[in-house]
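K.L.:
I am attaching a structure below and will ask some questions about it afterwards.
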Amino acid sequence: MTAKIINGKAIAVELRQEIAREVEQLVSAGKPRPGLATVLIGENPASQTYVRAKRKACAQVGIESFSYELPATVSQEKVEELIRRLNDDPKIHGILVQLPLPAGIDGERVLRAVSIEKDVDGFHPINIGRLAQKGREPLFVPCTPAGCIELLKRAGAKLDGANAVVIGRSNIVGMPVALLLVRENATTTICHSHTRDLPGTCRKADVLIAAIGRPEMIRGDWIKPGAYVIDVGINRIEDSTRKRGYRLVGDVAFDEAVDVAGAITPVPGGVGPMTIAGLLRNTLRSAKRSQV
Ligand code: NAD
């Protein structure tokens, strides 16, 4: 079998076009333009790159972005003061605090300070708590997990009653994606570094989501024939044939998995582009919600 490749890049382009159209409709109707504040603390190069990409994506769909950059030495109080100011600013509909935060800043306190109405990353404990509870709706769903579900649905996966296995239980990806799968009525198993017989558990999965951060750990013979495989991992491995000296691979050994799975996301070009599209969509939703 050769798996269908789930093209996250193309799907994200479609989503961005839809978002851009909706932003224009909103603005032409005389409503304020959606606004996203990005908060970057310190000089982590990867974080700088991510924030730049998010601001550029905002500009492309007509969302205004407001950039706040603070030195790594900033005090906890100053960060929280900024967040409170952004919470009160009507031009700002979403606040994105780029993670990870430098040592010395209590990330939990910072994330809790973001108003749940502007928590477009969906990381506020109240939003996550609502995601976990039956009959309660979060105001925002975290972007990468939402992107995984969207890709599965667009690829035609039947989630209701499916055996879903998520590898990884982080607050950012593994746990919220597992909660979303439960909401979709999938029978969901969460695996992590203490799981016994990971290959055997994976082999039972109709839907397999890998969010580990270990290059090509999931081998082809761990995959149930025909399964839907979503590879969230982004790992750099050395590659002297590339100009930059490395290439990106996922958590799944793609070349092996592609012969067994029914559908699979590539890395890059799978889940990654969906994350920013999700952020834009959440910001648009927040702006619309603030005007009702
Ligand atoms: P994390 O380090 O917070 O969590 C990793 C999880 O993997 C943990 O829950 C851990 O228990 C589990 N794990 C580690 N070793 C394991 C093992 N040997 N067997 C089974 N489970 C094991 O990472 P994260 O933030 O959830 O990110 C995971 C991966 O996804 C990373 O490669 C990251 O770069 C990528 N990521 C991609 C996007 C995107 O595509 N937009 C967004 C976020 C994260």
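Residue names in the structure tokens use chain letters A, B, ... in the order shown, residue numbers from 1 in each chain, and ligand numbers from 1 in the order shown.
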Could you give me, as JSON lines, a per-residue list for chain A showing, wherever an atom lies at most 6 Å from an atom of ligand 1, the closest pair of atoms and their distance in Å to one decimal, using only C-alpha atoms and all ligand atoms and sorting by chain then residue number from low to high?

P.N.:
```
{"residue": "A:Thr144", "atom": "CA", "partner": "ligand 1", "partner_atom_place_in_ligand_line": "41 (N)", "distance": 5.4}
{"residue": "A:Ile167", "atom": "CA", "partner": "ligand 1", "partner_atom_place_in_ligand_line": "21 (N)", "distance": 5.5}
{"residue": "A:Gly168", "atom": "CA", "partner": "ligand 1", "partner_atom_place_in_ligand_line": "6 (C)", "distance": 3.6}
{"residue": "A:Arg169", "atom": "CA", "partner": "ligand 1", "partner_atom_place_in_ligand_line": "9 (O)", "distance": 3.6}
{"residue": "A:Ser170", "atom": "CA", "partner": "ligand 1", "partner_atom_place_in_ligand_line": "26 (O)", "distance": 4.5}
{"residue": "A:Ile172", "atom": "CA", "partner": "ligand 1", "partner_atom_place_in_ligand_line": "25 (O)", "distance": 5.6}
{"residue": "A:Val173", "atom": "CA", "partner": "ligand 1", "partner_atom_place_in_ligand_line": "26 (O)", "distance": 4.7}
{"residue": "A:Gly174", "atom": "CA", "partner": "ligand 1", "partner_atom_place_in_ligand_line": "26 (O)", "distance": 5.7}
{"residue": "A:Cys191", "atom": "CA", "partner": "ligand 1", "partner_atom_place_in_ligand_line": "21 (N)", "distance": 5.9}
{"residue": "A:His192", "atom": "CA", "partner": "ligand 1", "partner_atom_place_in_ligand_line": "21 (N)", "distance": 3.4}
{"residue": "A:Ser193", "atom": "CA", "partner": "ligand 1", "partner_atom_place_in_ligand_line": "21 (N)", "distance": 3.7}
{"residue": "A:Ala211", "atom": "CA", "partner": "ligand 1", "partner_atom_place_in_ligand_line": "28 (C)", "distance": 4.1}
{"residue": "A:Ile212", "atom": "CA", "partner": "ligand 1", "partner_atom_place_in_ligand_line": "7 (O)", "distance": 3.5}
{"residue": "A:Gly213", "atom": "CA", "partner": "ligand 1", "partner_atom_place_in_ligand_line": "32 (O)", "distance": 3.2}
{"residue": "A:Val232", "atom": "CA", "partner": "ligand 1", "partner_atom_place_in_ligand_line": "30 (O)", "distance": 4.7}
{"residue": "A:Gly233", "atom": "CA", "partner": "ligand 1", "partner_atom_place_in_ligand_line": "32 (O)", "distance": 3.5}
{"residue": "A:Ile234", "atom": "CA", "partner": "ligand 1", "partner_atom_place_in_ligand_line": "32 (O)", "distance": 4.0}
{"residue": "A:Asn235", "atom": "CA", "partner": "ligand 1", "partner_atom_place_in_ligand_line": "32 (O)", "distance": 5.4}
{"residue": "A:Val271", "atom": "CA", "partner": "ligand 1", "partner_atom_place_in_ligand_line": "40 (O)", "distance": 4.8}
{"residue": "A:Gly272", "atom": "CA", "partner": "ligand 1", "partner_atom_place_in_ligand_line": "40 (O)", "distance": 3.5}
{"residue": "A:Thr275", "atom": "CA", "partner": "ligand 1", "partner_atom_place_in_ligand_line": "41 (N)", "distance": 4.8}
```

K.L.:
Just C-alpha atoms for this one: save the residues we selected as a short mmCIF file (atom, residue, chain, number, x, y, z; two decimals), in the first residue's frame.

P.N.:
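The result, stored in selection01.cif:
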```cif
data_model
loop_
_atom_site.label_atom_id
_atom_site.label_comp_id
_atom_site.auth_asym_id
_atom_site.auth_seq_id
_atom_site.Cartn_x
_atom_site.Cartn_y
_atom_site.Cartn_z
CA THR A 144 -1.58 22.41 16.72
CA ILE A 167 2.18 9.32 21.70
CA GLY A 168 3.15 12.22 23.96
CA ARG A 169 1.23 13.88 26.78
CA SER A 170 2.50 17.45 26.73
CA ILE A 172 0.81 21.84 24.16
CA VAL A 173 0.15 18.88 21.88
CA GLY A 174 -0.32 15.36 23.28
CA CYS A 191 1.27 6.82 25.45
CA HIS A 192 4.36 8.41 26.98
CA SER A 193 7.90 7.64 28.06
CA ALA A 211 4.05 14.13 19.28
CA ILE A 212 7.29 13.03 20.89
CA GLY A 213 10.22 15.01 19.54
CA VAL A 232 3.60 16.32 14.78
CA GLY A 233 7.32 15.94 15.49
CA ILE A 234 9.79 18.43 14.06
CA ASN A 235 13.37 17.26 14.53
CA VAL A 271 0.95 19.64 10.74
CA GLY A 272 3.37 22.59 10.94
CA THR A 275 -0.58 25.71 13.58
#
```

K.L.:
Assign secondary structure with DSSP using the backbone only, and return the residues of segment 14-251 of chain A in strand (DSSP E or B) as a short mmCIF file (atom, residue, chain, number, x, y, z; two decimals) with N, CA, C and O atoms, in the first residue's frame.

P.N.:
```
data_model
loop_
_atom_site.label_atom_id
_atom_site.label_comp_id
_atom_site.auth_asym_id
_atom_site.auth_seq_id
_atom_site.Cartn_x
_atom_site.Cartn_y
_atom_site.Cartn_z
N GLY A 35 -6.98 42.01 15.75
CA GLY A 35 -5.61 42.34 16.15
C GLY A 35 -5.01 41.26 17.05
O GLY A 35 -5.68 40.72 17.92
N LEU A 36 -3.74 40.95 16.78
CA LEU A 36 -3.03 39.94 17.59
C LEU A 36 -1.78 40.58 18.20
O LEU A 36 -0.99 41.19 17.48
N ALA A 37 -1.61 40.45 19.51
CA ALA A 37 -0.37 40.90 20.15
C ALA A 37 0.57 39.72 20.29
O ALA A 37 0.16 38.64 20.76
N THR A 38 1.81 39.88 19.85
CA THR A 38 2.80 38.82 20.07
C THR A 38 3.78 39.29 21.14
O THR A 38 4.27 40.42 21.09
N VAL A 39 4.00 38.43 22.12
CA VAL A 39 4.91 38.78 23.22
C VAL A 39 6.10 37.83 23.16
O VAL A 39 5.94 36.60 23.29
N LEU A 40 7.26 38.41 22.92
CA LEU A 40 8.48 37.61 22.81
C LEU A 40 9.44 38.06 23.92
O LEU A 40 9.79 39.23 24.01
N ILE A 41 9.84 37.11 24.74
CA ILE A 41 10.75 37.46 25.84
C ILE A 41 12.08 36.74 25.62
O ILE A 41 12.10 35.52 25.46
N GLU A 64 -4.15 42.68 12.06
CA GLU A 64 -3.10 43.60 12.49
C GLU A 64 -2.31 42.93 13.61
O GLU A 64 -2.91 42.33 14.51
N SER A 65 -0.98 43.02 13.56
CA SER A 65 -0.24 42.44 14.69
C SER A 65 0.54 43.51 15.41
O SER A 65 0.99 44.50 14.81
N PHE A 66 0.64 43.35 16.70
CA PHE A 66 1.32 44.30 17.59
C PHE A 66 2.43 43.53 18.28
O PHE A 66 2.16 42.52 18.94
N SER A 67 3.66 44.02 18.09
CA SER A 67 4.80 43.24 18.59
C SER A 67 5.33 43.80 19.91
O SER A 67 5.56 45.00 20.02
N TYR A 68 5.52 42.94 20.88
CA TYR A 68 6.12 43.35 22.16
C TYR A 68 7.32 42.45 22.41
O TYR A 68 7.18 41.22 22.47
N GLU A 69 8.50 43.08 22.53
CA GLU A 69 9.72 42.30 22.76
C GLU A 69 10.34 42.76 24.06
O GLU A 69 10.56 43.97 24.26
N LEU A 70 10.60 41.83 24.95
CA LEU A 70 11.16 42.16 26.26
C LEU A 70 12.47 41.41 26.44
O LEU A 70 12.61 40.28 25.93
N GLY A 94 -6.35 38.93 20.43
CA GLY A 94 -5.63 37.72 20.81
C GLY A 94 -4.25 38.08 21.36
O GLY A 94 -3.63 39.04 20.90
N ILE A 95 -3.82 37.33 22.37
CA ILE A 95 -2.48 37.56 22.94
C ILE A 95 -1.71 36.25 22.82
O ILE A 95 -2.14 35.21 23.32
N LEU A 96 -0.57 36.35 22.13
CA LEU A 96 0.25 35.16 21.98
C LEU A 96 1.56 35.36 22.75
O LEU A 96 2.32 36.28 22.43
N VAL A 97 1.77 34.56 23.77
CA VAL A 97 3.04 34.61 24.49
C VAL A 97 3.89 33.48 23.94
O VAL A 97 3.53 32.30 24.06
N ASN A 163 -10.02 3.42 17.07
CA ASN A 163 -8.97 3.31 18.09
C ASN A 163 -7.91 4.35 17.77
O ASN A 163 -7.25 4.26 16.73
N ALA A 164 -7.77 5.35 18.65
CA ALA A 164 -6.78 6.40 18.41
C ALA A 164 -5.68 6.26 19.45
O ALA A 164 -5.95 6.03 20.62
N VAL A 165 -4.45 6.38 19.01
CA VAL A 165 -3.31 6.34 19.92
C VAL A 165 -2.52 7.62 19.75
O VAL A 165 -2.16 8.00 18.62
N VAL A 166 -2.31 8.32 20.88
CA VAL A 166 -1.51 9.55 20.86
C VAL A 166 -0.22 9.24 21.61
O VAL A 166 -0.27 8.74 22.73
N ILE A 167 0.92 9.52 20.99
CA ILE A 167 2.18 9.32 21.70
C ILE A 167 2.69 10.69 22.11
O ILE A 167 2.98 11.53 21.25
N THR A 187 -11.86 6.03 20.71
CA THR A 187 -11.38 5.34 21.92
C THR A 187 -9.89 5.63 21.99
O THR A 187 -9.11 5.17 21.15
N THR A 188 -9.50 6.44 22.96
CA THR A 188 -8.19 7.10 22.87
C THR A 188 -7.22 6.59 23.93
O THR A 188 -7.54 6.54 25.11
N THR A 189 -6.05 6.21 23.48
CA THR A 189 -4.98 5.77 24.38
C THR A 189 -3.86 6.82 24.33
O THR A 189 -3.47 7.23 23.24
N ILE A 190 -3.39 7.23 25.50
CA ILE A 190 -2.28 8.20 25.54
C ILE A 190 -1.02 7.45 25.97
O ILE A 190 -0.98 6.84 27.04
N CYS A 191 0.00 7.49 25.13
CA CYS A 191 1.27 6.82 25.45
C CYS A 191 2.32 7.88 25.80
O CYS A 191 2.22 9.03 25.38
N VAL A 207 -5.95 5.40 14.15
CA VAL A 207 -5.45 6.77 14.02
C VAL A 207 -4.26 6.89 14.97
O VAL A 207 -4.38 6.59 16.16
N LEU A 208 -3.13 7.30 14.44
CA LEU A 208 -1.92 7.38 15.26
C LEU A 208 -1.37 8.80 15.19
O LEU A 208 -1.13 9.33 14.11
N ILE A 209 -1.22 9.42 16.36
CA ILE A 209 -0.66 10.77 16.38
C ILE A 209 0.64 10.74 17.17
O ILE A 209 0.67 10.34 18.34
N ALA A 210 1.73 11.14 16.52
CA ALA A 210 3.04 11.11 17.18
C ALA A 210 3.46 12.53 17.53
O ALA A 210 3.58 13.38 16.64
N ILE A 218 9.03 6.15 15.36
CA ILE A 218 7.93 5.22 15.03
C ILE A 218 8.26 4.54 13.71
O ILE A 218 8.32 5.17 12.66
N TYR A 228 -4.41 6.04 9.71
CA TYR A 228 -4.16 7.47 9.48
C TYR A 228 -3.06 7.89 10.44
O TYR A 228 -3.19 7.72 11.66
N VAL A 229 -1.98 8.44 9.91
CA VAL A 229 -0.83 8.77 10.74
C VAL A 229 -0.56 10.28 10.67
O VAL A 229 -0.37 10.83 9.58
N ILE A 230 -0.60 10.91 11.83
CA ILE A 230 -0.33 12.35 11.91
C ILE A 230 0.98 12.53 12.67
O ILE A 230 1.08 12.16 13.85
N ASP A 231 1.96 13.09 12.01
CA ASP A 231 3.29 13.22 12.59
C ASP A 231 3.52 14.68 12.99
O ASP A 231 3.73 15.55 12.14
N ASN A 235 12.04 17.53 13.99
CA ASN A 235 13.37 17.26 14.53
C ASN A 235 14.42 17.57 13.47
O ASN A 235 14.24 17.25 12.30
N ARG A 236 15.51 18.18 13.94
CA ARG A 236 16.64 18.44 13.03
C ARG A 236 17.59 17.26 13.08
O ARG A 236 17.98 16.85 14.17
N ILE A 237 17.96 16.74 11.90
CA ILE A 237 19.05 15.77 11.91
C ILE A 237 20.14 16.24 10.94
O ILE A 237 19.85 16.86 9.93
N GLU A 238 21.37 15.93 11.31
CA GLU A 238 22.49 16.37 10.49
C GLU A 238 22.37 15.83 9.09
O GLU A 238 22.00 14.67 8.89
N TYR A 246 21.61 20.47 7.88
CA TYR A 246 20.63 19.60 8.54
C TYR A 246 19.37 19.53 7.70
O TYR A 246 19.18 20.31 6.78
N ARG A 247 18.53 18.54 8.05
CA ARG A 247 17.18 18.53 7.46
C ARG A 247 16.18 18.21 8.56
O ARG A 247 16.57 17.76 9.65
N LEU A 248 14.93 18.48 8.26
CA LEU A 248 13.88 18.24 9.26
C LEU A 248 13.23 16.89 9.01
O LEU A 248 12.93 16.55 7.86
N VAL A 249 13.04 16.14 10.09
CA VAL A 249 12.29 14.89 9.98
C VAL A 249 11.26 14.85 11.11
O VAL A 249 11.39 15.57 12.11
#
```

K.L.:
Measuring between only C-alpha atoms, which one of A:Ile63, A:Ala113, A:Gln133, A:Arg55 shows the shortest distance to Leu86 of chain A?

P.N.:
A:Ala113

K.L.:
Rounded to one decimal, what separation in Å do you get between atom CA of Glu18 of chain A and atom CA of Gly250 of chain A?

P.N.:
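Here the two named atoms are 28.1 Å from each other.
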
K.L.:
Set the distance at 7 Å and use only C-alpha atoms: which residues neighbour His93 of chain A once local chain neighbours fewer than 4 positions away are removed? I'd like the list as a PDB file with N, CA and C atoms, in the first residue's frame.

P.N.:
```pdb
ATOM      1  N   PRO A  34      -9.340  42.641  13.134  1.00  0.00           N
ATOM      2  CA  PRO A  34      -8.814  41.766  14.188  1.00  0.00           C
ATOM      3  C   PRO A  34      -7.344  42.080  14.486  1.00  0.00           C
ATOM      4  N   GLY A  35      -6.978  42.010  15.753  1.00  0.00           N
ATOM      5  CA  GLY A  35      -5.608  42.338  16.152  1.00  0.00           C
ATOM      6  C   GLY A  35      -5.007  41.265  17.047  1.00  0.00           C
ATOM      7  N   LEU A  36      -3.740  40.948  16.784  1.00  0.00           N
ATOM      8  CA  LEU A  36      -3.026  39.939  17.590  1.00  0.00           C
ATOM      9  C   LEU A  36      -1.783  40.577  18.197  1.00  0.00           C
ATOM     10  N   LYS A 118      -8.970  36.260  25.322  1.00  0.00           N
ATOM     11  CA  LYS A 118      -7.928  36.581  24.328  1.00  0.00           C
ATOM     12  C   LYS A 118      -6.874  35.470  24.215  1.00  0.00           C
ATOM     13  N   THR A 283      -7.844  34.097  16.250  1.00  0.00           N
ATOM     14  CA  THR A 283      -7.845  35.559  16.406  1.00  0.00           C
ATOM     15  C   THR A 283      -9.089  36.153  15.730  1.00  0.00           C
ATOM     16  N   SER A 286     -12.090  35.455  17.854  1.00  0.00           N
ATOM     17  CA  SER A 286     -12.099  36.312  19.034  1.00  0.00           C
ATOM     18  C   SER A 286     -12.604  37.701  18.674  1.00  0.00           C
ATOM     19  N   ALA A 287     -12.148  38.218  17.518  1.00  0.00           N
ATOM     20  CA  ALA A 287     -12.587  39.556  17.092  1.00  0.00           C
ATOM     21  C   ALA A 287     -14.087  39.551  16.852  1.00  0.00           C
TER      22      ALA A 287
END
```
